[in-house]
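*Asks:* I am attaching a structure below and will ask some questions about it afterwards.
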Amino acid sequence: MVRFCHTIICVTILLSICGVAPAAERFPPPEFESSYERPTPVTPAPSHGVYEYIDAAVLLGSLTLSSYLVLRRRSRRAIFALMVFSLLYFGFWRKGCICPVGAIQNIILAIFDSSYVVPIVIVVFFLLPLVFALFFGRVFCAAVCPLGAIQDLVLLRPVSVPSWLENGLRLFAYVYLGLAVLFTATGSAFLVCRYDPFVAFFHLSGNANILVLGGCFLVVGLFVGRPYCRFFCPYGVLLRQLSRLSRWRVTITPDECVRCKLCENSCPFGAIREPLAELPMRDFGRSKKTIGLLMLVLPVLVIGGGWAGFSLRMVTSRMHATVRLAERVYLEETGKVVGTTNESQAFWGTGKEVKQLYADASGIRARFGRDGWLFGGFAGLVVGLKLIGVSLWRRRTDYEADRASCLACGRCFEYCPKEHARLQKLKGQAG
Amino acid sequence: MSENKKIITRRSFLRDGFGGVCLAGFVGMAAFLAGRSRKNKTVWQIDPYTCIACGNCATYCVLEESAVKCMHAFALCGYCRICFGFFGPEPFDITEGAENQLCPTGAIKRKFVEDPYYEYAIDESLCNGCGKCVKGCNTFGNGSLFLQVRQDRCLNCNECSIAAACPSRSFKRVPADKPYLLKTVDHA
């Protein structure tokens with residue numbers, strides 16, 4: 001019996017090598033004499049069509065509520081409750097997908113690849129928090145984002161990060177955003193989704209490396225407030241810049257600041273700025289010179305960054321599957337490696353021209369070179385502007401929450417004596 | 001004091017101006033994207049005609065039990081007595097005994113129909129999407145077994161983890177109202 005089996009295998013191998021019989025004709029489907037009827041395959045429909053519209057509605061609702069709680073109600077406890085709800089709903093119930101952070105990539109892909117159809121719900125998810133930031137600041141970060149919420153929950157012993165380190169680390173987020181756009185625009189990968197540190201927790205399963213990465217973020221997050229939000233989140237970059245323009249914003253005190261310094265250390269995210277007097281006259285000349293010099297350095301940084309981005313195209317383009325495949329196929333063709341990988345095997349199986357593959361790959365690589373100029377230039381511009389930003393002297397009379405860095409978590413409210421006076425008054429009115 | 005006030009107004013004027021520009025930008029963006037979007041969303045699916053059944057589907061899915069399962073196009077099946085999707089390469093015997101089977105979970109059910117034909121059906125609850133049977137059937141048989149994303153199980157991640165690891169790049173975004181790419185008799 002086994003021998004018979006082998007004979008069949010040998011014959012079929014021979015047949016398939018000669019290409020005599022296409023797969024479907026090897027053993028013609030039988031015509032049955034009995035009353036047997038062939039079953040039809042079952043194809044269950046996607047189960048989550050309606051949910052997305054509910055998600056969008058919940059997003060709008062929680063953003064509105066968050067704005068109210070941050071700006072009018074001024075209650076950390078209520079903000080915390082909403083945050084927990086968001087973590088449970090958007091995180092554990094809806095498995096963290098889709099989220100506005102990852103939606104950046106869908107939007108970019110829709111802009112660069114006209115064949116990609118972007119669902120309207122994703123457009124809503126991307127734009128809603130940005131519009132809210134334009135009016136109310138980062139209320140999305142405060143209590144709606146599940147990634148922020150999971151980090152905020154584990155923050156037990158906040159340590160303050162020195163401002164030079166904070167400013168330096170923050171540049172990662174810009175570079176990450178730039179890379180995410182680069183890889184999406186070239187159709188290589190959804191970087192932000194691939195390295196989303198917390199989505200594996202939401203699924204309660206996933207790639208071991210990502211679980212470890214997420215675990216590390218949470219352990220660091222015990223001491224450093226929301227490390228992903230502050231130093232990596234690419235969507236946070238957009239929200240930062242937009243909340244600079246926000247119409248209304250978080251104020252530490254409900255009334256007039258008495259400069260009591262009590263709120264100074266209340267912020268675990270280093271977003272409270274202390275009052276600054278006018279720049280001393282004797283420093284004026286030096287400060288002017290520094291800024292003038294930095295202005296001159298800015299174009300150098302932009303061009304240098306662009307050139308670096310261009311020269312890195314051999315590395316960055318490996319993110320694209322076609323380039324990786326072409327490199328492997330080249331090695332196999334020139335006999336530098338023996339054997340095949342799944343990828344090259346699949347390619348040889350299609351019988352496509354190797355030349356065409358090489359042409360495609362070099363086209364993609366050229367694209368990476370071109371886009372690398374833009375990405376590197378952007379990175380250089382960010383570094384330059386950051387240097388200018390930290391050298392500027394800005395007079396401040398009160399303790400203020402920095403428009404850009406403030407995550408609107410509401411922790412500082414209760415540190416303000418004026419806030420206590422307000423609450424007393426409210427209590428009196430109620431009683 | 002009056003000078004201070006002036007600075008503040010200039011700043012707030014600029015701020016409002018930029019804010020207005022951004023808002024207009026969002027409206028423009030929304031209009032542009034609305035032009036490119038459809039009500040119908042997309043879902044992930046495997047093109048069975050380019051799939052090489054490498055086995056990544058079983059391990060790369062973010063779900064513990066992969067959303068990819070084997071399906072059977074009965075219209076293509078030869079109903080062979082000796083099925084190379086069902087039996088291992090060197091079966092001890094041509095019976096349903098577990099030691100003879102290729103499937104690591106015993107998800108294929110073999111049933112006698114009439115001499116000499118046997119029906120092979122997939123028990124979806126047991127299938128882990130490894131594609132061993134698909135490879136066997138493609139190499140030696142009619143290729144009637146094939147892998148598909150079961151849409152009732154799939155989470156429809158933004159970037160499908162299996163798609164990122166698929167060596168033949170057979171994962172595609174397909175419209176949600178036609179969520180399966182089935183093997184058919186009249187495929188060109």
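Please note that chains go A, B, ... in the order of the structure tokens, that every chain numbers its residues from 1, and that ligands are numbered from 1 in the order shown.
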Env of range 127-137 of chain A: 6 Å cut, atoms = only C-alpha atoms, seq-sep filter 5 positions within chain, self excluded. Answer as a PyMOL selection string.
*Replies:* chain A and resi 242-243+246-249
*Asks:* With a distance cut-off of 9 Å and only C-alpha atoms, select the neighbouring residues of Leu126 in chain B, excluding the residue or stretch itself and same-chain residues fewer than 3 positions from it, and output the selection as a short mmCIF file (atom, residue, chain, number, x, y, z; two decimals) with N, CA and C atoms, in the first residue's frame.
*Replies:*
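And here is the file that came out, selection.cif:
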```cif
data_model
loop_
_atom_site.label_atom_id
_atom_site.label_comp_id
_atom_site.auth_asym_id
_atom_site.auth_seq_id
_atom_site.Cartn_x
_atom_site.Cartn_y
_atom_site.Cartn_z
N THR B 105 -3.78 18.64 14.04
CA THR B 105 -4.88 18.70 15.02
C THR B 105 -6.02 17.76 14.65
N GLY B 106 -5.86 17.02 13.59
CA GLY B 106 -6.92 16.11 13.16
C GLY B 106 -8.20 16.81 12.77
N ALA B 107 -8.04 17.95 12.07
CA ALA B 107 -9.21 18.78 11.76
C ALA B 107 -9.91 18.36 10.47
N ILE B 108 -9.30 17.44 9.72
CA ILE B 108 -9.96 17.00 8.49
C ILE B 108 -10.73 15.72 8.76
N ILE B 122 -13.52 20.04 6.58
CA ILE B 122 -12.70 20.67 7.63
C ILE B 122 -13.56 20.95 8.85
N ASP B 123 -13.08 20.54 10.00
CA ASP B 123 -13.71 20.94 11.26
C ASP B 123 -13.03 22.24 11.70
#
```
*Asks:* Considering only C-alpha atoms, extract the chain A residues located within 6 Å of chain B and return them as a list in words.
*Replies:* Thr12, Ala23, Ala24, Arg26, Phe27, Pro28, Pro29, Pro44, Ala45, Pro46, Ser47, Val117, Val118, Pro119, Ile120, Gly206, Leu245, Asn342, Glu343 and Ala346 of chain A
*Asks:* Restricting the output to C-alpha atoms, write the selected residues as a PDB file, in the first residue's frame.
*Replies:*
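Generated file (part19.pdb):
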```pdb
ATOM      1  CA  THR A  12       2.464  13.417  -9.692  1.00  0.00           C
ATOM      2  CA  ALA A  23      -3.491  21.337 -10.534  1.00  0.00           C
ATOM      3  CA  ALA A  24      -7.230  21.220 -11.045  1.00  0.00           C
ATOM      4  CA  ARG A  26      -4.915  15.920 -11.958  1.00  0.00           C
ATOM      5  CA  PHE A  27      -7.874  14.000 -10.597  1.00  0.00           C
ATOM      6  CA  PRO A  28     -11.058  15.089 -12.362  1.00  0.00           C
ATOM      7  CA  PRO A  29     -13.856  15.741  -9.887  1.00  0.00           C
ATOM      8  CA  PRO A  44     -19.468  34.132   7.657  1.00  0.00           C
ATOM      9  CA  ALA A  45     -19.614  37.912   7.203  1.00  0.00           C
ATOM     10  CA  PRO A  46     -17.365  40.342   9.108  1.00  0.00           C
ATOM     11  CA  SER A  47     -18.870  40.732  12.548  1.00  0.00           C
ATOM     12  CA  VAL A 117      -9.881  53.249   0.073  1.00  0.00           C
ATOM     13  CA  VAL A 118      -9.896  54.920   3.472  1.00  0.00           C
ATOM     14  CA  PRO A 119     -13.020  54.200   5.542  1.00  0.00           C
ATOM     15  CA  ILE A 120     -14.861  57.349   6.579  1.00  0.00           C
ATOM     16  CA  GLY A 206       0.595  38.914  20.758  1.00  0.00           C
ATOM     17  CA  LEU A 245      -3.217  77.468  19.068  1.00  0.00           C
ATOM     18  CA  ASN A 342       9.897  31.261   1.699  1.00  0.00           C
ATOM     19  CA  GLU A 343       9.916  34.649   0.008  1.00  0.00           C
ATOM     20  CA  ALA A 346       7.229  32.180  -3.675  1.00  0.00           C
TER      21      ALA A 346
END
```
*Asks:* May I have all residues of range 32-108 of chain B that DSSP, computed from the backbone, assigns to alpha helix (DSSP H), given as a JSON list (two decimals) with C-alpha atoms, in the first residue's frame?
*Replies:*
```json
[["chain", "number", "residue", "atom", "x", "y", "z"],
["B", 32, "PHE", "CA", -10.35, 65.47, -0.01],
["B", 33, "LEU", "CA", -10.41, 62.25, 1.99],
["B", 34, "ALA", "CA", -14.18, 61.99, 1.73],
["B", 35, "GLY", "CA", -13.63, 61.94, -2.03],
["B", 36, "ARG", "CA", -11.29, 58.98, -1.60],
["B", 56, "ASN", "CA", 3.01, 31.72, 8.98],
["B", 57, "CYS", "CA", -0.77, 32.12, 9.26],
["B", 58, "ALA", "CA", -0.84, 29.72, 12.18],
["B", 59, "THR", "CA", 1.72, 31.66, 14.23],
["B", 60, "TYR", "CA", 1.69, 35.35, 13.25]]
```
*Asks:* Please identify all polymer residues within 9 Å of Leu392 in chain A, counting only C-alpha atoms, omitting same-chain residues fewer than 5 positions from it, and present them as a list in words.
*Replies:*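 Close residues of Leu392 in chain A: Ser287, Ile291 and Leu387 of chain A.
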*Asks:* Take the selection from the previous step and output its residues with N, CA and C atoms, as a PDB file, in the first residue's frame.
*Replies:*
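Just written: again_11.pdb:
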```
ATOM      1  N   SER A 287      22.100  86.761  24.217  1.00  0.00           N
ATOM      2  CA  SER A 287      20.946  85.979  23.809  1.00  0.00           C
ATOM      3  C   SER A 287      20.622  86.225  22.334  1.00  0.00           C
ATOM      4  N   ILE A 291      20.684  83.406  19.245  1.00  0.00           N
ATOM      5  CA  ILE A 291      19.552  83.113  18.377  1.00  0.00           C
ATOM      6  C   ILE A 291      19.915  83.389  16.924  1.00  0.00           C
ATOM      7  N   LEU A 387      16.165  73.958  19.046  1.00  0.00           N
ATOM      8  CA  LEU A 387      17.279  74.714  19.613  1.00  0.00           C
ATOM      9  C   LEU A 387      16.901  76.177  19.773  1.00  0.00           C
TER      10      LEU A 387
END
```
*Asks:* What's the separation between CA of Tyr120 in chain B and CA of Thr350 in chain A, in Å to one decimal place?
*Replies:*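 Calculated distance between CA of Tyr120 in chain B and CA of Thr350 in chain A is 28.4 Å.
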*Asks:* Find the residues around Val159 in chain A up to 10 Å (only C-alpha atoms counted), leave out those fewer than 5 positions away in its own chain, and share them as an NGL selection string.
*Replies:* :A and (222-225 or 265 or 267-270)
*Asks:* Out of range 56-112 of chain B, which residues get strand (DSSP E) from DSSP, as a PyMOL selection string?
*Replies:* chain B and resi 68-72+108-112
*Asks:* Can you tell me which residues surround Gly129 in chain B at a distance of at most 7 Å, considering only C-alpha atoms, apart from same-chain residues fewer than 5 positions away, and format the answer as a list in words?
*Replies:*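 So, after excluding close chain neighbours, the residues are Cys57, Ala58, Ser66, Val68, Lys69, Cys70 and Leu147 of chain B.
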*Asks:* Env of Arg77 in chain A: 12 Å cut, atoms = only C-alpha atoms, seq-sep filter 2 positions within chain, self excluded. Answer as number ranges by chain.
*Replies:* A: 66, 69-70, 73-75, 79-84, 143, 409-411, 413-414
*Asks:* Write a file of the selected residues as a compact mmCIF listing (two decimals), in the first residue's frame, keeping C-alpha atoms.
*Replies:*
```
# COMPACT_ATOMS: atom_id res chain seq x y z
CA SER A 66 -13.38 65.35 28.62
CA LEU A 69 -14.39 67.99 32.83
CA VAL A 70 -11.02 69.63 32.17
CA ARG A 73 -15.80 70.99 36.07
CA ARG A 74 -12.07 70.91 36.93
CA SER A 75 -12.23 67.56 38.65
CA ILE A 79 -11.23 62.89 34.51
CA PHE A 80 -9.76 59.74 36.04
CA ALA A 81 -13.11 57.95 35.83
CA LEU A 82 -13.50 58.88 32.16
CA MET A 83 -9.94 57.72 31.55
CA VAL A 84 -10.68 54.31 33.04
CA ALA A 143 -8.97 60.98 29.23
CA CYS A 409 -4.76 65.37 33.36
CA GLY A 410 -6.01 67.78 36.03
CA ARG A 411 -3.55 66.76 38.75
CA PHE A 413 -5.97 71.70 40.19
CA GLU A 414 -6.16 70.59 43.78
```
*Asks:* Skip Leu191 in chain A itself and residues of its chain fewer than 6 positions away, then list as a ChimeraX atom specification all residues within 10 Å of it, counting only C-alpha atoms.
*Replies:* /A:102,105,176-177,179-184,319 /B:159
*Asks:* Choose the residue, out of A:Gly61, A:Pro100, A:Gly369, A:Pro162, that has the smallest atom-to-atom separation from Met314 in chain A; count only C-alpha atoms.
*Replies:* A:Gly369
*Asks:* Find the distance between CA of Glu400 in chain A and CA of Val139 in chain A and write it in Å to one decimal.
*Replies:*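 Straight-line distance from CA of Glu400 in chain A to CA of Val139 in chain A works out to 17.0 Å.
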*Asks:* So the first atom is CA of Gly384 in chain A and the second is CA of Gly187 in chain A; what is the distance between them in Å, to one decimal place?
*Replies:* 29.0 Å
